[in-house]
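The file protein27.cif contains mmCIF, C-alpha atoms:
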data_query
loop_
_atom_site.label_atom_id
_atom_site.label_comp_id
_atom_site.auth_asym_id
_atom_site.auth_seq_id
_atom_site.Cartn_x
_atom_site.Cartn_y
_atom_site.Cartn_z
CA MET A 1 -20.06 -13.89 21.24
CA ILE A 2 -18.15 -14.12 24.54
CA ILE A 3 -19.70 -15.24 27.83
CA ILE A 4 -17.54 -15.17 30.98
CA ASN A 5 -18.76 -16.58 34.30
CA LYS A 6 -16.86 -16.20 37.60
CA LEU A 7 -13.50 -16.46 35.82
CA SER A 8 -10.47 -16.39 38.13
CA LYS A 9 -6.71 -16.82 37.86
CA LYS A 10 -4.17 -17.05 40.67
CA TYR A 11 -0.56 -17.63 39.70
CA LYS A 12 1.53 -20.14 41.62
CA GLY A 13 3.14 -18.46 44.61
CA ALA A 14 1.04 -15.30 44.28
CA GLU A 15 -0.81 -13.88 47.28
CA ASP A 16 -3.66 -12.36 45.29
CA PHE A 17 -5.78 -13.32 42.30
CA SER A 18 -4.81 -11.59 39.04
CA VAL A 19 -8.39 -12.05 37.83
CA SER A 20 -11.09 -12.60 40.45
CA GLU A 21 -14.57 -14.06 39.76
CA LEU A 22 -15.00 -11.87 36.69
CA ASP A 23 -18.34 -11.83 34.87
CA LEU A 24 -18.62 -10.29 31.40
CA ASN A 25 -20.63 -10.67 28.19
CA ILE A 26 -19.40 -9.26 24.88
CA ASP A 27 -21.77 -9.07 21.91
CA GLU A 28 -20.92 -10.15 18.39
CA GLY A 29 -19.58 -7.27 16.29
CA GLU A 30 -18.38 -5.16 19.22
CA ILE A 31 -15.10 -3.31 19.40
CA PHE A 32 -14.64 -3.92 23.10
CA GLY A 33 -11.94 -2.16 25.11
CA LEU A 34 -10.43 -3.76 28.21
CA LEU A 35 -8.78 -0.90 30.07
CA GLY A 36 -6.95 -0.78 33.37
CA PRO A 37 -3.74 0.18 35.18
CA ASN A 38 -0.56 -1.91 35.05
CA GLY A 39 -1.14 -5.24 36.77
CA ALA A 40 -4.94 -4.89 36.71
CA GLY A 41 -5.43 -8.28 35.02
CA LYS A 42 -6.01 -7.32 31.38
CA THR A 43 -3.33 -9.49 29.81
CA THR A 44 -4.12 -12.40 32.14
CA LEU A 45 -7.78 -12.22 31.10
CA ILE A 46 -6.92 -12.13 27.39
CA SER A 47 -4.46 -15.01 27.85
CA MET A 48 -7.19 -17.14 29.39
CA LEU A 49 -9.72 -16.26 26.69
CA SER A 50 -7.08 -17.09 24.07
CA SER A 51 -6.54 -20.53 25.67
CA LEU A 52 -2.92 -19.65 26.38
CA LEU A 53 -3.48 -19.78 30.13
CA LYS A 54 -5.58 -22.22 32.15
CA PRO A 55 -8.11 -20.57 34.49
CA THR A 56 -7.95 -21.34 38.19
CA SER A 57 -11.75 -21.44 38.30
CA GLY A 58 -14.79 -20.24 36.40
CA THR A 59 -15.88 -20.74 32.80
CA PHE A 60 -16.07 -18.91 29.49
CA SER A 61 -17.28 -19.58 25.97
CA ILE A 62 -16.50 -17.93 22.63
CA ASP A 63 -19.05 -18.38 19.85
CA GLY A 64 -20.46 -21.30 21.83
CA LEU A 65 -17.06 -23.01 22.18
CA THR A 66 -15.58 -23.72 25.61
CA TYR A 67 -12.01 -24.09 26.86
CA HIS A 68 -12.69 -27.55 28.32
CA LYS A 69 -14.68 -29.12 25.46
CA ASN A 70 -13.62 -27.33 22.26
CA LYS A 71 -10.09 -26.07 22.85
CA THR A 72 -8.80 -26.81 19.32
CA GLN A 73 -11.85 -25.32 17.58
CA LEU A 74 -11.75 -22.33 19.91
CA LYS A 75 -8.13 -21.58 18.98
CA GLN A 76 -9.01 -21.78 15.29
CA SER A 77 -11.82 -19.22 15.67
CA ILE A 78 -9.71 -16.52 17.33
CA GLY A 79 -6.80 -14.33 16.29
CA ILE A 80 -4.17 -12.91 18.64
CA VAL A 81 -2.00 -9.85 18.09
CA PRO A 82 0.36 -9.67 21.08
CA GLN A 83 2.09 -6.58 22.42
CA GLU A 84 5.50 -8.13 21.74
CA TYR A 85 6.48 -8.70 18.12
CA ALA A 86 5.80 -12.35 17.25
CA LEU A 87 8.04 -12.28 14.17
CA TYR A 88 11.31 -13.83 13.01
CA PRO A 89 13.72 -10.90 12.46
CA THR A 90 15.99 -12.68 9.95
CA LEU A 91 13.10 -13.66 7.67
CA THR A 92 11.38 -11.34 5.22
CA ALA A 93 7.84 -10.06 5.75
CA MET A 94 6.55 -12.50 3.12
CA GLU A 95 8.46 -15.44 4.61
CA ASN A 96 7.11 -14.67 8.08
CA LEU A 97 3.52 -14.40 6.89
CA MET A 98 3.69 -17.47 4.65
CA TYR A 99 5.03 -19.44 7.62
CA PHE A 100 2.32 -18.28 10.03
CA GLY A 101 -0.41 -18.75 7.44
CA SER A 102 0.74 -22.28 6.65
CA MET A 103 0.28 -23.18 10.34
CA TYR A 104 -3.46 -22.59 9.83
CA GLY A 105 -3.52 -24.91 6.82
CA ILE A 106 -4.43 -22.16 4.35
CA PRO A 107 -3.77 -23.26 0.72
CA LYS A 108 -0.55 -21.69 -0.52
CA VAL A 109 -2.07 -19.89 -3.53
CA ASP A 110 -4.89 -18.36 -1.46
CA LEU A 111 -2.50 -17.48 1.34
CA LYS A 112 -0.10 -15.58 -0.90
CA LYS A 113 -2.94 -13.58 -2.46
CA ASP A 114 -4.34 -12.69 0.97
CA ILE A 115 -0.90 -11.64 2.22
CA LEU A 116 -0.32 -9.39 -0.80
CA ASP A 117 -3.76 -7.81 -0.31
CA HIS A 118 -3.05 -7.08 3.37
CA LEU A 119 0.44 -5.75 2.62
CA GLU A 120 -0.97 -3.40 0.00
CA THR A 121 -3.77 -2.18 2.28
CA LEU A 122 -1.30 -1.49 5.11
CA GLY A 123 1.25 0.23 2.85
CA LEU A 124 3.89 -2.51 3.03
CA LEU A 125 3.76 -4.16 -0.40
CA GLN A 126 7.08 -2.68 -1.50
CA PHE A 127 8.75 -4.16 1.59
CA ALA A 128 7.39 -7.70 1.15
CA ASN A 129 10.84 -9.18 0.52
CA LYS A 130 12.75 -7.11 3.09
CA LYS A 131 13.89 -8.69 6.36
CA ILE A 132 11.87 -7.82 9.46
CA LYS A 133 14.99 -6.69 11.33
CA THR A 134 15.24 -3.73 8.93
CA PHE A 135 11.67 -2.56 9.67
CA SER A 136 10.65 0.37 11.86
CA GLY A 137 8.42 -0.19 14.90
CA GLY A 138 5.31 0.89 13.02
CA MET A 139 6.05 -1.48 10.14
CA LYS A 140 6.56 -4.40 12.54
CA ARG A 141 3.25 -3.59 14.24
CA ARG A 142 1.48 -3.80 10.88
CA ILE A 143 3.11 -7.14 10.01
CA ASN A 144 2.24 -8.39 13.51
CA LEU A 145 -1.40 -7.51 12.81
CA ILE A 146 -1.46 -9.31 9.46
CA ALA A 147 -0.04 -12.46 11.07
CA GLY A 148 -2.97 -12.54 13.50
CA ILE A 149 -5.75 -12.23 10.91
CA LEU A 150 -4.65 -14.42 7.98
CA HIS A 151 -7.04 -17.23 9.01
CA GLN A 152 -10.01 -14.81 9.14
CA PRO A 153 -10.86 -15.21 12.84
CA LYS A 154 -14.31 -14.45 14.25
CA VAL A 155 -12.75 -12.82 17.32
CA LEU A 156 -9.54 -10.80 17.34
CA PHE A 157 -7.60 -10.10 20.54
CA LEU A 158 -5.33 -7.04 20.42
CA ASP A 159 -2.85 -6.24 23.20
CA GLU A 160 -1.59 -2.65 22.77
CA PRO A 161 -1.74 -2.81 18.93
CA THR A 162 -0.53 0.78 18.40
CA VAL A 163 2.04 1.15 21.19
CA GLY A 164 5.23 2.88 20.10
CA VAL A 165 4.14 3.66 16.53
CA ASP A 166 4.07 6.89 14.54
CA VAL A 167 0.80 8.71 13.89
CA GLN A 168 0.59 7.53 10.28
CA SER A 169 1.02 3.86 11.23
CA ARG A 170 -1.52 4.24 14.02
CA ASN A 171 -4.13 5.65 11.62
CA VAL A 172 -3.56 2.87 9.09
CA ILE A 173 -3.82 0.18 11.79
CA ILE A 174 -7.02 1.63 13.28
CA ASP A 175 -8.63 2.04 9.85
CA HIS A 176 -7.79 -1.58 8.97
CA LEU A 177 -9.26 -2.80 12.26
CA LYS A 178 -12.44 -0.82 11.67
CA ASN A 179 -12.73 -2.41 8.23
CA LEU A 180 -12.32 -5.89 9.72
CA ASN A 181 -14.99 -5.08 12.30
CA GLN A 182 -17.38 -3.93 9.58
CA LYS A 183 -16.89 -7.36 7.98
CA GLY A 184 -18.10 -9.02 11.17
CA VAL A 185 -14.97 -9.53 13.28
CA THR A 186 -15.50 -8.98 17.01
CA ILE A 187 -12.51 -7.10 18.43
CA ILE A 188 -11.21 -7.22 22.01
CA TYR A 189 -8.68 -4.45 22.53
CA THR A 190 -6.41 -3.38 25.38
CA SER A 191 -4.48 -0.14 25.46
CA HIS A 192 -3.16 2.62 27.68
CA HIS A 193 -4.06 5.13 24.96
CA LEU A 194 -7.37 6.23 26.45
CA ASN A 195 -8.09 8.89 23.81
CA GLU A 196 -7.71 6.21 21.16
CA ALA A 197 -9.98 3.84 23.09
CA GLU A 198 -12.60 6.56 23.49
CA GLU A 199 -12.78 7.03 19.72
CA PHE A 200 -12.26 3.42 18.65
CA CYS A 201 -14.33 1.28 21.03
CA SER A 202 -18.08 0.76 20.95
CA GLN A 203 -17.96 -0.55 24.56
CA VAL A 204 -15.31 -0.49 27.27
CA ALA A 205 -14.76 -2.11 30.64
CA ILE A 206 -12.32 -0.74 33.19
CA ILE A 207 -10.59 -3.47 35.21
CA ASP A 208 -8.78 -2.98 38.51
CA HIS A 209 -7.42 -5.62 40.88
CA GLY A 210 -8.82 -8.34 38.66
CA LYS A 211 -12.41 -7.08 38.76
CA ILE A 212 -14.52 -4.93 36.45
CA VAL A 213 -15.21 -1.57 38.13
CA CYS A 214 -17.35 -0.08 35.34
CA LYS A 215 -18.60 -0.97 31.87
CA GLY A 216 -20.47 0.79 29.08
CA LYS A 217 -20.26 2.98 26.02
CA PRO A 218 -17.43 5.53 26.35
CA LYS A 219 -19.71 8.55 25.94
CA GLN A 220 -22.17 7.22 28.51
CA LEU A 221 -19.43 6.50 31.05
CA ILE A 222 -18.13 10.05 30.60
CA ALA A 223 -21.64 11.47 31.04
CA ASP A 224 -22.22 9.40 34.18
CA GLN A 225 -18.95 10.43 35.87
CA LYS A 226 -19.09 13.75 37.70
CA ASN A 227 -16.86 16.44 36.15
CA ALA A 228 -15.58 14.06 33.46
CA THR A 229 -14.95 15.33 29.93
CA HIS A 230 -12.85 12.43 28.61
CA LEU A 231 -12.48 8.71 29.23
CA GLU A 232 -9.23 9.41 31.05
CA ASP A 233 -11.22 11.29 33.71
CA VAL A 234 -13.43 8.25 34.21
CA PHE A 235 -10.40 5.98 34.35
CA LEU A 236 -8.69 8.04 37.08
CA ALA A 237 -11.90 8.39 39.07
CA GLN A 238 -12.42 4.62 39.05
CA THR A 239 -8.82 3.48 39.60
CA GLY A 240 -7.21 6.40 41.45
CA LYS A 241 -4.04 8.39 40.76
CA ALA A 242 -1.58 6.22 42.71
CA LEU A 243 1.31 4.75 40.71
CA ARG A 244 0.91 1.10 39.70
CA ASP A 245 4.52 0.03 39.34
CA TYR A 246 5.10 -3.70 39.78
CA ALA A 247 7.77 -6.27 39.01
#
Would you put the structure from the file into structure tokens?
Amino acid sequence: MIIINKLSKKYKGAEDFSVSELDLNIDEGEIFGLLGPNGAGKTTLISMLSSLLKPTSGTFSIDGLTYHKNKTQLKQSIGIVPQEYALYPTLTAMENLMYFGSMYGIPKVDLKKDILDHLETLGLLQFANKKIKTFSGGMKRRINLIAGILHQPKVLFLDEPTVGVDVQSRNVIIDHLKNLNQKGVTIIYTSHHLNEAEEFCSQVAIIDHGKIVCKGKPKQLIADQKNATHLEDVFLAQTGKALRDYA
């Protein structure tokens, strides 16, 4: 589903590459975790794959579509759920979702039905006509997710989809994502919640300094790493324990 060849990104004025000659293939139907310390290149990589950021060099394709030749089609085939809330706080949940859905050209009648179905599944139907600014963090996360999947994308990019939410919201979000995956959606997921990634992902890649340092099934990576019992042990062994603060 995704083929990445020697993909690199260096920001203007930066000394180092944020992503450096990265090679990666992701199969259709995977729940693929991109894990790494702060500043490792995860968000930069996702931004390039989402066509939000132009690569410095290298190529990639998603479902046979390339950034250079099929940019519009590529954008239509993917969904993005950013870490920051991409919602209008003074509009209601329904108004937000109707607006975002209309941008994809979805017929109004079909769109409203789909929104109501998603709201019900994610426990938000009773809040459909409440303004987003009144919502808790977990509720906003769920609305953020719905906004990214209304056009039924083949590939869904998730940047920290459960950060800052309560346990109940987290479980509902993860269950909904698993259901989407079972329907054929390929999921690319980044998170600092390594226990969640260990349970949720079918494959993971750990990125550091813009390069992939290891890749595989979580259980196999744990088995291959000496004295490791959890994915966190693998992560620390591959990236070290030094702080990764940056500004």
Tell me, as a JSON list (two decimals) with C-alpha atoms, in the coordinates of the input, which residues lie within 8 Å of Gln83 (chain A), counting all atoms listed in the file; anything in the same chain fewer than 3 positions away does not count.
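Final file, result.json:
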[["chain", "number", "residue", "atom", "x", "y", "z"],
["A", 158, "LEU", "CA", -5.33, -7.04, 20.42],
["A", 159, "ASP", "CA", -2.85, -6.24, 23.20],
["A", 160, "GLU", "CA", -1.59, -2.65, 22.77],
["A", 161, "PRO", "CA", -1.74, -2.81, 18.93],
["A", 163, "VAL", "CA", 2.04, 1.15, 21.19]]
- Item | Hits from the PyMOL selection byres ((chain A and resi 205) around 8), listed as an MDAnalysis selection string | chainID A and resid 32:35 203:204 206:207 212:216
- Closest of A:Glu199, A:Thr190, A:Phe157, A:Pro82 to Ile143 (chain A) - atom-to-atom distances counting only C-alpha atoms: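 Closest candidate: A:Pro82.
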- Task: Return as a list in words the set of residues that the PyMOL selection byres ((chain A and resi 87-98) around 8) yields on the displayed structure.
- Result: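 Residues picked by the PyMOL selection byres ((chain A and resi 87-98) around 8): Tyr85, Ala86, Tyr99, Phe100, Gly101, Ser102, Lys108, Leu111, Lys112, Ile115, Phe127, Ala128, Asn129, Lys130, Lys131, Ile132, Lys133, Ile143, Asn144, Ile146 and Ala147 of chain A.
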For the residues in the current selection, export C-alpha atoms as a PDB file, in the frame of the given file.
ATOM      1  CA  TYR A  85       6.480  -8.700  18.120  1.00  0.00           C
ATOM      2  CA  ALA A  86       5.800 -12.350  17.250  1.00  0.00           C
ATOM      3  CA  TYR A  99       5.030 -19.440   7.620  1.00  0.00           C
ATOM      4  CA  PHE A 100       2.320 -18.280  10.030  1.00  0.00           C
ATOM      5  CA  GLY A 101      -0.410 -18.750   7.440  1.00  0.00           C
ATOM      6  CA  SER A 102       0.740 -22.280   6.650  1.00  0.00           C
ATOM      7  CA  LYS A 108      -0.550 -21.690  -0.520  1.00  0.00           C
ATOM      8  CA  LEU A 111      -2.500 -17.480   1.340  1.00  0.00           C
ATOM      9  CA  LYS A 112      -0.100 -15.580  -0.900  1.00  0.00           C
ATOM     10  CA  ILE A 115      -0.900 -11.640   2.220  1.00  0.00           C
ATOM     11  CA  PHE A 127       8.750  -4.160   1.590  1.00  0.00           C
ATOM     12  CA  ALA A 128       7.390  -7.700   1.150  1.00  0.00           C
ATOM     13  CA  ASN A 129      10.840  -9.180   0.520  1.00  0.00           C
ATOM     14  CA  LYS A 130      12.750  -7.110   3.090  1.00  0.00           C
ATOM     15  CA  LYS A 131      13.890  -8.690   6.360  1.00  0.00           C
ATOM     16  CA  ILE A 132      11.870  -7.820   9.460  1.00  0.00           C
ATOM     17  CA  LYS A 133      14.990  -6.690  11.330  1.00  0.00           C
ATOM     18  CA  ILE A 143       3.110  -7.140  10.010  1.00  0.00           C
ATOM     19  CA  ASN A 144       2.240  -8.390  13.510  1.00  0.00           C
ATOM     20  CA  ILE A 146      -1.460  -9.310   9.460  1.00  0.00           C
ATOM     21  CA  ALA A 147      -0.040 -12.460  11.070  1.00  0.00           C
TER      22      ALA A 147
END
- Message: Show me, as a VMD selection string, the residues that have an atom within 12 Å of Thr66 (chain A) when counting only C-alpha atoms, minus same-chain residues fewer than 3 positions from it.
- Response: chain A and resid 1 to 5 48 to 51 58 to 63 69 to 75 77
Quick one: 6 Å padding each side, axis-aligned, all listed atoms of region 49-57 of chain A - centre and edge lengths in Å to one decimal, as JSON?
{"center_x": -7.3, "center_y": -19.2, "center_z": 31.2, "size_x": 20.8, "size_y": 18.0, "size_z": 26.2}
- Task: Between CA of Gly39 (chain A) and CA of Gly210 (chain A), measure the distance and give it in Å to one decimal.
- Result: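 Computing it gives 8.5 Å between the two atoms.
Using only C-alpha atoms, the smallest distance between any of A:Ile222, A:Leu231, A:Ala237, A:Ile188 and Val81 (chain A) comes from A:Ile188.
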- At what distance in Å, to one decimal, does CA of Lys217 (chain A) lie from CA of His230 (chain A)?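 About the pair CA of His230 (chain A) and CA of Lys217 (chain A): they are 12.3 Å apart.
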- Shell of 12 Å around Gln225 (chain A), all atoms listed in the file, local chain residues under 2 positions omitted, as a ChimeraX atom specification: /A:214,216,218-223,227-238
- Item | Atom-to-atom span, CA of Val185 (chain A) and CA of Lys154 (chain A), Å |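 Pair CA of Val185 (chain A) / CA of Lys154 (chain A) returns 5.1 Å.
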- Item | Selection result of the PyMOL selection byres ((chain A and resi 57) around 8) on this file, as number ranges by chain | A: 6-9, 55-56, 58-59
- Query: Nearest to Glu196 (chain A): which of A:Ile78, A:Leu52, A:Ile174, A:Leu180 is it, counting all atoms listed in the file?
  - Reply: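 Comparing A:Ile78, A:Leu52, A:Ile174, A:Leu180 against Glu196 (chain A), the winner is A:Ile174.
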As a PDB file, in the frame of the given file, could you write out region 45-58 of chain A once it has been completed with N, CA and C atoms?
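So the final result, stored in rebuild33.pdb, reads:
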ATOM      1  N   LEU A  45      -6.443 -11.910  31.604  1.00  0.00           N
ATOM      2  CA  LEU A  45      -7.780 -12.220  31.100  1.00  0.00           C
ATOM      3  C   LEU A  45      -7.721 -12.610  29.630  1.00  0.00           C
ATOM      4  N   ILE A  46      -7.026 -11.826  28.819  1.00  0.00           N
ATOM      5  CA  ILE A  46      -6.920 -12.130  27.390  1.00  0.00           C
ATOM      6  C   ILE A  46      -6.205 -13.463  27.178  1.00  0.00           C
ATOM      7  N   SER A  47      -5.185 -13.743  27.982  1.00  0.00           N
ATOM      8  CA  SER A  47      -4.460 -15.010  27.850  1.00  0.00           C
ATOM      9  C   SER A  47      -5.352 -16.197  28.144  1.00  0.00           C
ATOM     10  N   MET A  48      -6.242 -16.062  29.114  1.00  0.00           N
ATOM     11  CA  MET A  48      -7.190 -17.140  29.390  1.00  0.00           C
ATOM     12  C   MET A  48      -8.186 -17.300  28.253  1.00  0.00           C
ATOM     13  N   LEU A  49      -8.737 -16.198  27.774  1.00  0.00           N
ATOM     14  CA  LEU A  49      -9.720 -16.260  26.690  1.00  0.00           C
ATOM     15  C   LEU A  49      -9.093 -16.793  25.400  1.00  0.00           C
ATOM     16  N   SER A  50      -7.788 -16.605  25.253  1.00  0.00           N
ATOM     17  CA  SER A  50      -7.080 -17.090  24.070  1.00  0.00           C
ATOM     18  C   SER A  50      -6.620 -18.534  24.219  1.00  0.00           C
ATOM     19  N   SER A  51      -6.941 -19.155  25.363  1.00  0.00           N
ATOM     20  CA  SER A  51      -6.540 -20.530  25.670  1.00  0.00           C
ATOM     21  C   SER A  51      -5.035 -20.691  25.817  1.00  0.00           C
ATOM     22  N   LEU A  52      -4.358 -19.595  26.117  1.00  0.00           N
ATOM     23  CA  LEU A  52      -2.920 -19.650  26.380  1.00  0.00           C
ATOM     24  C   LEU A  52      -2.628 -19.887  27.858  1.00  0.00           C
ATOM     25  N   LEU A  53      -3.638 -19.688  28.687  1.00  0.00           N
ATOM     26  CA  LEU A  53      -3.480 -19.780  30.130  1.00  0.00           C
ATOM     27  C   LEU A  53      -4.706 -20.467  30.710  1.00  0.00           C
ATOM     28  N   LYS A  54      -4.479 -21.469  31.555  1.00  0.00           N
ATOM     29  CA  LYS A  54      -5.580 -22.220  32.150  1.00  0.00           C
ATOM     30  C   LYS A  54      -6.173 -21.456  33.329  1.00  0.00           C
ATOM     31  N   PRO A  55      -7.479 -21.245  33.349  1.00  0.00           N
ATOM     32  CA  PRO A  55      -8.110 -20.570  34.490  1.00  0.00           C
ATOM     33  C   PRO A  55      -7.970 -21.373  35.772  1.00  0.00           C
ATOM     34  N   THR A  56      -7.921 -20.673  36.891  1.00  0.00           N
ATOM     35  CA  THR A  56      -7.950 -21.340  38.190  1.00  0.00           C
ATOM     36  C   THR A  56      -9.363 -21.847  38.479  1.00  0.00           C
ATOM     37  N   SER A  57     -10.351 -21.044  38.134  1.00  0.00           N
ATOM     38  CA  SER A  57     -11.750 -21.440  38.300  1.00  0.00           C
ATOM     39  C   SER A  57     -12.611 -20.590  37.379  1.00  0.00           C
ATOM     40  N   GLY A  58     -13.869 -20.967  37.264  1.00  0.00           N
ATOM     41  CA  GLY A  58     -14.790 -20.240  36.400  1.00  0.00           C
ATOM     42  C   GLY A  58     -14.817 -20.796  34.992  1.00  0.00           C
TER      43      GLY A  58
END
